[in-house]
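Colleague: Have a look at the structure that comes next, please.
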There are 2 protein chains.
Amino acid sequence: MSERQQADSIERRSGVSLWRQIADRILQSIAAGDFAENAALPPEVALAERYGVNRHTVRSAISALVQEGVLRAEQGRGTFVLSRKRLSYPIGARTRFSTGLQGQTSERHIVLLASSVEPASQRVAEGLGLARGAEVIRLETRGEADGRPVSRAAGWFDARRFVGIDKAMAQTGSITASLARFGIDDYLRQSTVLSARHADAADLADLDLQPGAIVLVTVAVNVTPDGQPIQFSESRFPAERVELKLSAL
Amino acid sequence: MSERQQADSIERRSGVSLWRQIADRILQSIAAGDFAENAALPPEVALAERYGVNRHTVRSAISALVQEGVLRAEQGRGTFVLSRKRLSYPIGARTRFSTGLQGQTSERHIVLLASSVEPASQRVAEGLGLARGAEVIRLETRGEADGRPVSRAAGWFDARRFVGIDKAMAQTGSITASLARFGIDDYLRQSTVLSARHADAADLADLDLQPGAIVLVTVAVNVTPDGQPIQFSESRFPAERVELKLSAL
DNA sequence: TAAATTTGTCTATTGATATAGACAACTATA
DNA sequence: TATAGTTGTCTATATCAATAGACAAATTTA
């Protein structure tokens with residue numbers, strides 16, 4: 001955002017409090033690289049002037065970001081960027097969790113939170129090419145990198161074809177490895193629909209977000225190389241920690 | 001979102017007012033197809049109960065959406081969806097504006113808002129493979145569909161190679177047609193980085209949004225079939241009106 | 001026509017948000 | 001060791017957001 005002016009004005013009586021808007025701006029600034037690692041933010045009075053608000057309002061914004069682990073404030077010294085760069089999450093024909101984040105983080109893994117068998121809803125059935133109401137297995141997972149949640153996904157699989165995939169997932173911690181047990185060595189992403197919205201209560205808990213945060217939502221279908229649908233998924237990413245990099249589709 | 005519970009609870013003292021959160025939910029519901037065209041929303045008391053808030057809070061949310069042109073309230077009858085489905089904006093190797101939206105809208109076009117010559121910033125230079133500070137032409141455009149803004153983009157081109165592309169764009173109203181004048185019959189999308197954030201003051205004005213809205217941001221590079229970069233762009237989409245569909249090829 | 005349903009308006013009260021000013025506490029530096 | 005610069009805490013006040021209740025106005029249905 002280096003070309004655009006740092007938005008001069010902030011919207012009042014908008015439904016979004018000023019401190020949250022300012023916190024968003026600061027996050028954007030950091031993500032845009034306006035501050036070096038461990039650099040000091042401008043002093044509170046300067047920020048207050050820049051955004052045209054009271055110093056206390058800036059303090060509210062900063063304290064939210066401190067709580068979030070993005071900033072560290074030291075009395076007498078200043079407020080410093082703890083530099084949490086946004087992860088660049090690749091999406092392409094062969095989207096995989098751990099391979100995609102290689103090099104960006106030292107540690108990453110998927111946790112299986114829950115699994116269940118349920119009748120397929122309309123859109124799941126459509127995505128998987130099953131009859132509505134057919135039994136599907138749902139896996140609820142969370143992706144973590146360096147101890148911070150970076151994704152929260154629900155994946156649906158044909159229950160008749162993938163009996164026990166929940167246990168495989170629990171053991172291996174990998175969708176790819178689990179599918180391999182069913183003879184699927186390769187799969188491709190057929191389609192991805194992407195949207196964004198405010199985090200709801202579930203997102204806040206799942207992704208360890210502060211209220212008012214934004215989540216990126218992808219709805220995708222994975223297929224075998226010959227076009228047979230095997231997985232329907234809805235994933236949510238915290239927009240403040242993740243960007244999606246669309247590569248060679 | 002048919003599988004997920006209609007968010008049980010709403011976040012309080014979050015920096016985002018309850019009425020805005022509820023307005024967001026209603027928009028999601030509509031986009032998810034929970035209401036048919038011209039269908040009536042549940043009555044205010046029912047919505048209040050569902051979201052666990054006072055009826056007046058629901059009314060604030062509804063009045064914001066009425067102002068936005070999404071709903072129409074009629075005393076004694078109910079509140080009706082004016083059905084503005086989200087456009088599905090395709091992104092793939094051959095992303096074009098007007099072809100992509102075919103069939104979804106009756107009318108669509110790009111307006112050239114401004115153009116200028118400027119030295120390339122760091123990221124523009126990198127994207128176009130030029131030296132930092134090299135002269136580039138910037139085109140500011142807005143995409144409209146059925147009279148509503150659906151995108152707002154800045155595109156940068158090598159000023160030495162594309163002399164007069166601003167005039168071509170003004171005449172043709174099409175990037176593709178303008179590039180054709182420079183002998184470029186085909187181009188591909190090399191990379192796209194996607195993020196989301198709250199709309200800033202400029203977004204609100206450019207995209208005719210209400211404060212608190214969310215914008216999807218893509219930063220992309222277009223190249224000729226032999227890999228020569230020709231365009232660097234940053235586009236912003238109103239998340240409430242647009243979803244991005246990532247298509248293979 | 002009467003009753004039920006639904007949106008619209010009004011008053012009142014409480015808590016969160018934002019502004020304002022003053023001063024304490026801590027740090028770096030001249 | 002002063003001094004300037006910075007974050008932390010406190011009090012006070014005004015405005016916005018949310019709740020609560022009552023009733024009016026319009027529409028649909030029995």
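Residues in the structure tokens are numbered from 1 in each chain, the chains being A, B, ... in the order shown, and ligands are numbered from 1 in the order shown.
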Set the distance at 12 Å and use only C-alpha atoms (C1' of nucleotides): which residues neighbour DG15 of chain C once local chain neighbours fewer than 2 positions away are removed? I'd like the list as a list of chain:residue names.

Modeller: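 The neighbour list is B:Arg12, B:Arg13, C:DT13, C:DT17, D:DC16, D:DA17, D:DA18, D:DT19.
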
Colleague: Give me a file of those residues, with C-alpha atoms (C1' of nucleotides), as a CSV table (one decimal), in the first residue's frame.

Modeller:
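Output file out36.csv is given in full below:
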chain,number,residue,atom,x,y,z
B,12,ARG,CA,-20.2,-7.8,22.8
B,13,ARG,CA,-17.8,-5.0,23.6
C,13,DT,C1',-32.1,4.0,31.4
C,17,DT,C1',-16.9,4.7,23.4
D,16,DC,C1',-23.1,6.5,20.9
D,17,DA,C1',-24.9,1.8,21.4
D,18,DA,C1',-28.1,-1.3,23.5
D,19,DT,C1',-31.9,-2.5,26.5

Colleague: Return as a list in words the residues belonging to chain A that are within 12 Å of chain C, counting only C-alpha atoms (C1' of nucleotides).

Modeller: Arg12, Arg13, Gly15, Val16, Ser17, Leu18, Trp19, Arg20, Ala48, Gly52, Val53, Asn54, Arg55, His56, Thr57, Val58, Arg59, Ser60, Glu74, Gln75, Gly76, Arg77 and Gly78 of chain A

Colleague: Write the residues you've just listed into a file as a PDB file, in the first residue's frame, and include N, CA and C atoms for each of them.

Modeller:
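Output contents, as saved in again.pdb:
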ATOM      1  N   ARG A  12     -16.547   7.872  11.583  1.00  0.00           N
ATOM      2  CA  ARG A  12     -17.215   7.926  12.878  1.00  0.00           C
ATOM      3  C   ARG A  12     -18.640   7.397  12.765  1.00  0.00           C
ATOM      4  N   ARG A  13     -19.211   7.117  13.917  1.00  0.00           N
ATOM      5  CA  ARG A  13     -20.539   6.498  14.019  1.00  0.00           C
ATOM      6  C   ARG A  13     -20.828   5.536  12.860  1.00  0.00           C
ATOM      7  N   GLY A  15     -20.464   2.043  13.304  1.00  0.00           N
ATOM      8  CA  GLY A  15     -20.697   0.673  13.732  1.00  0.00           C
ATOM      9  C   GLY A  15     -19.401  -0.030  14.078  1.00  0.00           C
ATOM     10  N   VAL A  16     -18.298   0.562  13.641  1.00  0.00           N
ATOM     11  CA  VAL A  16     -16.992   0.030  14.031  1.00  0.00           C
ATOM     12  C   VAL A  16     -16.299   1.110  14.847  1.00  0.00           C
ATOM     13  N   SER A  17     -15.896   0.759  16.055  1.00  0.00           N
ATOM     14  CA  SER A  17     -15.334   1.775  16.940  1.00  0.00           C
ATOM     15  C   SER A  17     -14.017   2.308  16.382  1.00  0.00           C
ATOM     16  N   LEU A  18     -13.704   3.525  16.780  1.00  0.00           N
ATOM     17  CA  LEU A  18     -12.496   4.160  16.266  1.00  0.00           C
ATOM     18  C   LEU A  18     -11.260   3.360  16.643  1.00  0.00           C
ATOM     19  N   TRP A  19     -11.223   2.862  17.871  1.00  0.00           N
ATOM     20  CA  TRP A  19     -10.010   2.156  18.274  1.00  0.00           C
ATOM     21  C   TRP A  19      -9.801   0.912  17.423  1.00  0.00           C
ATOM     22  N   ARG A  20     -10.882   0.258  17.035  1.00  0.00           N
ATOM     23  CA  ARG A  20     -10.699  -0.919  16.194  1.00  0.00           C
ATOM     24  C   ARG A  20     -10.256  -0.532  14.790  1.00  0.00           C
ATOM     25  N   ALA A  48      -2.200   9.848  17.445  1.00  0.00           N
ATOM     26  CA  ALA A  48      -3.481  10.496  17.706  1.00  0.00           C
ATOM     27  C   ALA A  48      -3.695  11.646  16.726  1.00  0.00           C
ATOM     28  N   GLY A  52      -6.395  11.845  13.847  1.00  0.00           N
ATOM     29  CA  GLY A  52      -7.392  12.822  14.239  1.00  0.00           C
ATOM     30  C   GLY A  52      -8.270  12.371  15.395  1.00  0.00           C
ATOM     31  N   VAL A  53      -7.691  11.669  16.346  1.00  0.00           N
ATOM     32  CA  VAL A  53      -8.447  11.221  17.513  1.00  0.00           C
ATOM     33  C   VAL A  53      -7.664  11.548  18.772  1.00  0.00           C
ATOM     34  N   ASN A  54      -8.303  11.278  19.879  1.00  0.00           N
ATOM     35  CA  ASN A  54      -7.667  11.512  21.160  1.00  0.00           C
ATOM     36  C   ASN A  54      -6.600  10.454  21.439  1.00  0.00           C
ATOM     37  N   ARG A  55      -5.643  10.839  22.233  1.00  0.00           N
ATOM     38  CA  ARG A  55      -4.569   9.901  22.562  1.00  0.00           C
ATOM     39  C   ARG A  55      -5.110   8.623  23.211  1.00  0.00           C
ATOM     40  N   HIS A  56      -6.118   8.772  24.036  1.00  0.00           N
ATOM     41  CA  HIS A  56      -6.670   7.603  24.725  1.00  0.00           C
ATOM     42  C   HIS A  56      -7.272   6.604  23.741  1.00  0.00           C
ATOM     43  N   THR A  57      -7.798   7.117  22.663  1.00  0.00           N
ATOM     44  CA  THR A  57      -8.374   6.233  21.649  1.00  0.00           C
ATOM     45  C   THR A  57      -7.268   5.413  20.986  1.00  0.00           C
ATOM     46  N   VAL A  58      -6.155   6.076  20.703  1.00  0.00           N
ATOM     47  CA  VAL A  58      -5.000   5.354  20.168  1.00  0.00           C
ATOM     48  C   VAL A  58      -4.548   4.294  21.167  1.00  0.00           C
ATOM     49  N   ARG A  59      -4.563   4.658  22.430  1.00  0.00           N
ATOM     50  CA  ARG A  59      -4.130   3.704  23.452  1.00  0.00           C
ATOM     51  C   ARG A  59      -5.008   2.456  23.451  1.00  0.00           C
ATOM     52  N   SER A  60      -6.302   2.657  23.239  1.00  0.00           N
ATOM     53  CA  SER A  60      -7.204   1.495  23.172  1.00  0.00           C
ATOM     54  C   SER A  60      -6.797   0.578  22.023  1.00  0.00           C
ATOM     55  N   GLU A  74       6.486  -0.398  26.125  1.00  0.00           N
ATOM     56  CA  GLU A  74       7.391  -0.268  27.274  1.00  0.00           C
ATOM     57  C   GLU A  74       7.358   1.159  27.777  1.00  0.00           C
ATOM     58  N   GLN A  75       6.984   1.271  28.998  1.00  0.00           N
ATOM     59  CA  GLN A  75       6.845   2.601  29.587  1.00  0.00           C
ATOM     60  C   GLN A  75       8.163   3.364  29.509  1.00  0.00           C
ATOM     61  N   GLY A  76       8.037   4.578  29.027  1.00  0.00           N
ATOM     62  CA  GLY A  76       9.222   5.421  28.939  1.00  0.00           C
ATOM     63  C   GLY A  76      10.004   5.244  27.654  1.00  0.00           C
ATOM     64  N   ARG A  77       9.871   4.071  27.022  1.00  0.00           N
ATOM     65  CA  ARG A  77      10.664   3.834  25.812  1.00  0.00           C
ATOM     66  C   ARG A  77       9.850   4.034  24.541  1.00  0.00           C
ATOM     67  N   GLY A  78       8.772   3.288  24.467  1.00  0.00           N
ATOM     68  CA  GLY A  78       7.987   3.368  23.242  1.00  0.00           C
ATOM     69  C   GLY A  78       7.199   2.092  23.029  1.00  0.00           C
TER      70      GLY A  78
END

Colleague: Set the cut-off to 12 Å and count only C-alpha atoms (C1' of nucleotides): what are the residues of chain D that reach chain A? Output as JSON, numbers by chain.

Modeller: {"D": [4, 5, 6, 7, 8, 9, 15, 16, 17]}

Colleague: Those residues with N, CA and C atoms (P, O5', C5', C4', C3', O3' and C1' of nucleotides), as a PDB file, in the first residue's frame please?

Modeller:
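File out_24.pdb, as written:
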ATOM      1  P    DA D   4      13.346  20.570  29.047  1.00  0.00           P
ATOM      2  O5'  DA D   4      13.117  19.588  27.811  1.00  0.00           O
ATOM      3  C5'  DA D   4      14.249  19.143  27.065  1.00  0.00           C
ATOM      4  C4'  DA D   4      13.914  17.820  26.411  1.00  0.00           C
ATOM      5  C3'  DA D   4      12.495  17.734  25.852  1.00  0.00           C
ATOM      6  O3'  DA D   4      12.554  17.151  24.559  1.00  0.00           O
ATOM      7  C1'  DA D   4      12.888  15.940  27.336  1.00  0.00           C
ATOM      8  P    DG D   5      11.207  17.044  23.674  1.00  0.00           P
ATOM      9  O5'  DG D   5      10.876  15.493  23.784  1.00  0.00           O
ATOM     10  C5'  DG D   5      11.900  14.547  23.441  1.00  0.00           C
ATOM     11  C4'  DG D   5      11.418  13.157  23.780  1.00  0.00           C
ATOM     12  C3'  DG D   5       9.980  12.859  23.323  1.00  0.00           C
ATOM     13  O3'  DG D   5       9.955  11.603  22.661  1.00  0.00           O
ATOM     14  C1'  DG D   5      10.243  12.319  25.605  1.00  0.00           C
ATOM     15  P    DT D   6       8.665  11.198  21.796  1.00  0.00           P
ATOM     16  O5'  DT D   6       7.973  10.063  22.658  1.00  0.00           O
ATOM     17  C5'  DT D   6       8.678   8.835  22.886  1.00  0.00           C
ATOM     18  C4'  DT D   6       8.117   8.145  24.105  1.00  0.00           C
ATOM     19  C3'  DT D   6       6.622   7.883  24.082  1.00  0.00           C
ATOM     20  O3'  DT D   6       6.364   6.624  23.516  1.00  0.00           O
ATOM     21  C1'  DT D   6       7.467   8.448  26.263  1.00  0.00           C
ATOM     22  P    DT D   7       4.803   6.122  23.453  1.00  0.00           P
ATOM     23  O5'  DT D   7       4.547   5.460  24.881  1.00  0.00           O
ATOM     24  C5'  DT D   7       5.247   4.271  25.229  1.00  0.00           C
ATOM     25  C4'  DT D   7       4.955   3.892  26.673  1.00  0.00           C
ATOM     26  C3'  DT D   7       3.527   3.371  26.936  1.00  0.00           C
ATOM     27  O3'  DT D   7       3.606   2.289  27.856  1.00  0.00           O
ATOM     28  C1'  DT D   7       3.958   5.208  28.324  1.00  0.00           C
ATOM     29  P    DG D   8       2.245   1.572  28.364  1.00  0.00           P
ATOM     30  O5'  DG D   8       1.902   2.325  29.733  1.00  0.00           O
ATOM     31  C5'  DG D   8       2.673   2.012  30.900  1.00  0.00           C
ATOM     32  C4'  DG D   8       1.964   2.534  32.153  1.00  0.00           C
ATOM     33  C3'  DG D   8       0.494   2.119  32.277  1.00  0.00           C
ATOM     34  O3'  DG D   8       0.267   1.668  33.604  1.00  0.00           O
ATOM     35  C1'  DG D   8       0.680   4.477  32.413  1.00  0.00           C
ATOM     36  P    DT D   9      -1.181   1.082  34.011  1.00  0.00           P
ATOM     37  O5'  DT D   9      -1.888   2.296  34.761  1.00  0.00           O
ATOM     38  C5'  DT D   9      -1.188   2.961  35.808  1.00  0.00           C
ATOM     39  C4'  DT D   9      -1.999   4.125  36.334  1.00  0.00           C
ATOM     40  C3'  DT D   9      -3.496   3.861  36.508  1.00  0.00           C
ATOM     41  O3'  DT D   9      -3.848   4.197  37.838  1.00  0.00           O
ATOM     42  C1'  DT D   9      -3.125   5.916  35.408  1.00  0.00           C
ATOM     43  P    DT D  15     -22.805  16.076  23.700  1.00  0.00           P
ATOM     44  O5'  DT D  15     -22.663  14.707  22.920  1.00  0.00           O
ATOM     45  C5'  DT D  15     -21.443  14.433  22.211  1.00  0.00           C
ATOM     46  C4'  DT D  15     -21.410  12.969  21.842  1.00  0.00           C
ATOM     47  C3'  DT D  15     -22.702  12.448  21.186  1.00  0.00           C
ATOM     48  O3'  DT D  15     -22.340  11.821  19.969  1.00  0.00           O
ATOM     49  C1'  DT D  15     -21.993  10.994  22.885  1.00  0.00           C
ATOM     50  P    DC D  16     -23.472  11.252  18.945  1.00  0.00           P
ATOM     51  O5'  DC D  16     -23.273   9.667  19.023  1.00  0.00           O
ATOM     52  C5'  DC D  16     -21.987   9.116  18.770  1.00  0.00           C
ATOM     53  C4'  DC D  16     -21.967   7.652  19.173  1.00  0.00           C
ATOM     54  C3'  DC D  16     -23.057   6.791  18.529  1.00  0.00           C
ATOM     55  O3'  DC D  16     -22.440   5.594  18.069  1.00  0.00           O
ATOM     56  C1'  DC D  16     -23.099   6.530  20.877  1.00  0.00           C
ATOM     57  P    DA D  17     -23.298   4.478  17.350  1.00  0.00           P
ATOM     58  O5'  DA D  17     -23.553   3.415  18.509  1.00  0.00           O
ATOM     59  C5'  DA D  17     -22.449   2.916  19.250  1.00  0.00           C
ATOM     60  C4'  DA D  17     -22.888   1.772  20.136  1.00  0.00           C
ATOM     61  C3'  DA D  17     -23.877   0.781  19.535  1.00  0.00           C
ATOM     62  O3'  DA D  17     -23.532  -0.502  20.037  1.00  0.00           O
ATOM     63  C1'  DA D  17     -24.856   1.781  21.436  1.00  0.00           C
TER      64       DA D  17
END

Colleague: Any idea which chain A residues end up within 6 Å of chain B if we count only C-alpha atoms, as a PyMOL selection string please?

Modeller: chain A and resi 14-17+20+191-196+211-212+239+243-247+249

Colleague: So how far away is atom CA of Ala114 of chain A from atom CA of Ser235 of chain A, in Å?

Modeller: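 Going from atom CA of Ser235 of chain A over to atom CA of Ala114 of chain A covers 14.8 Å.
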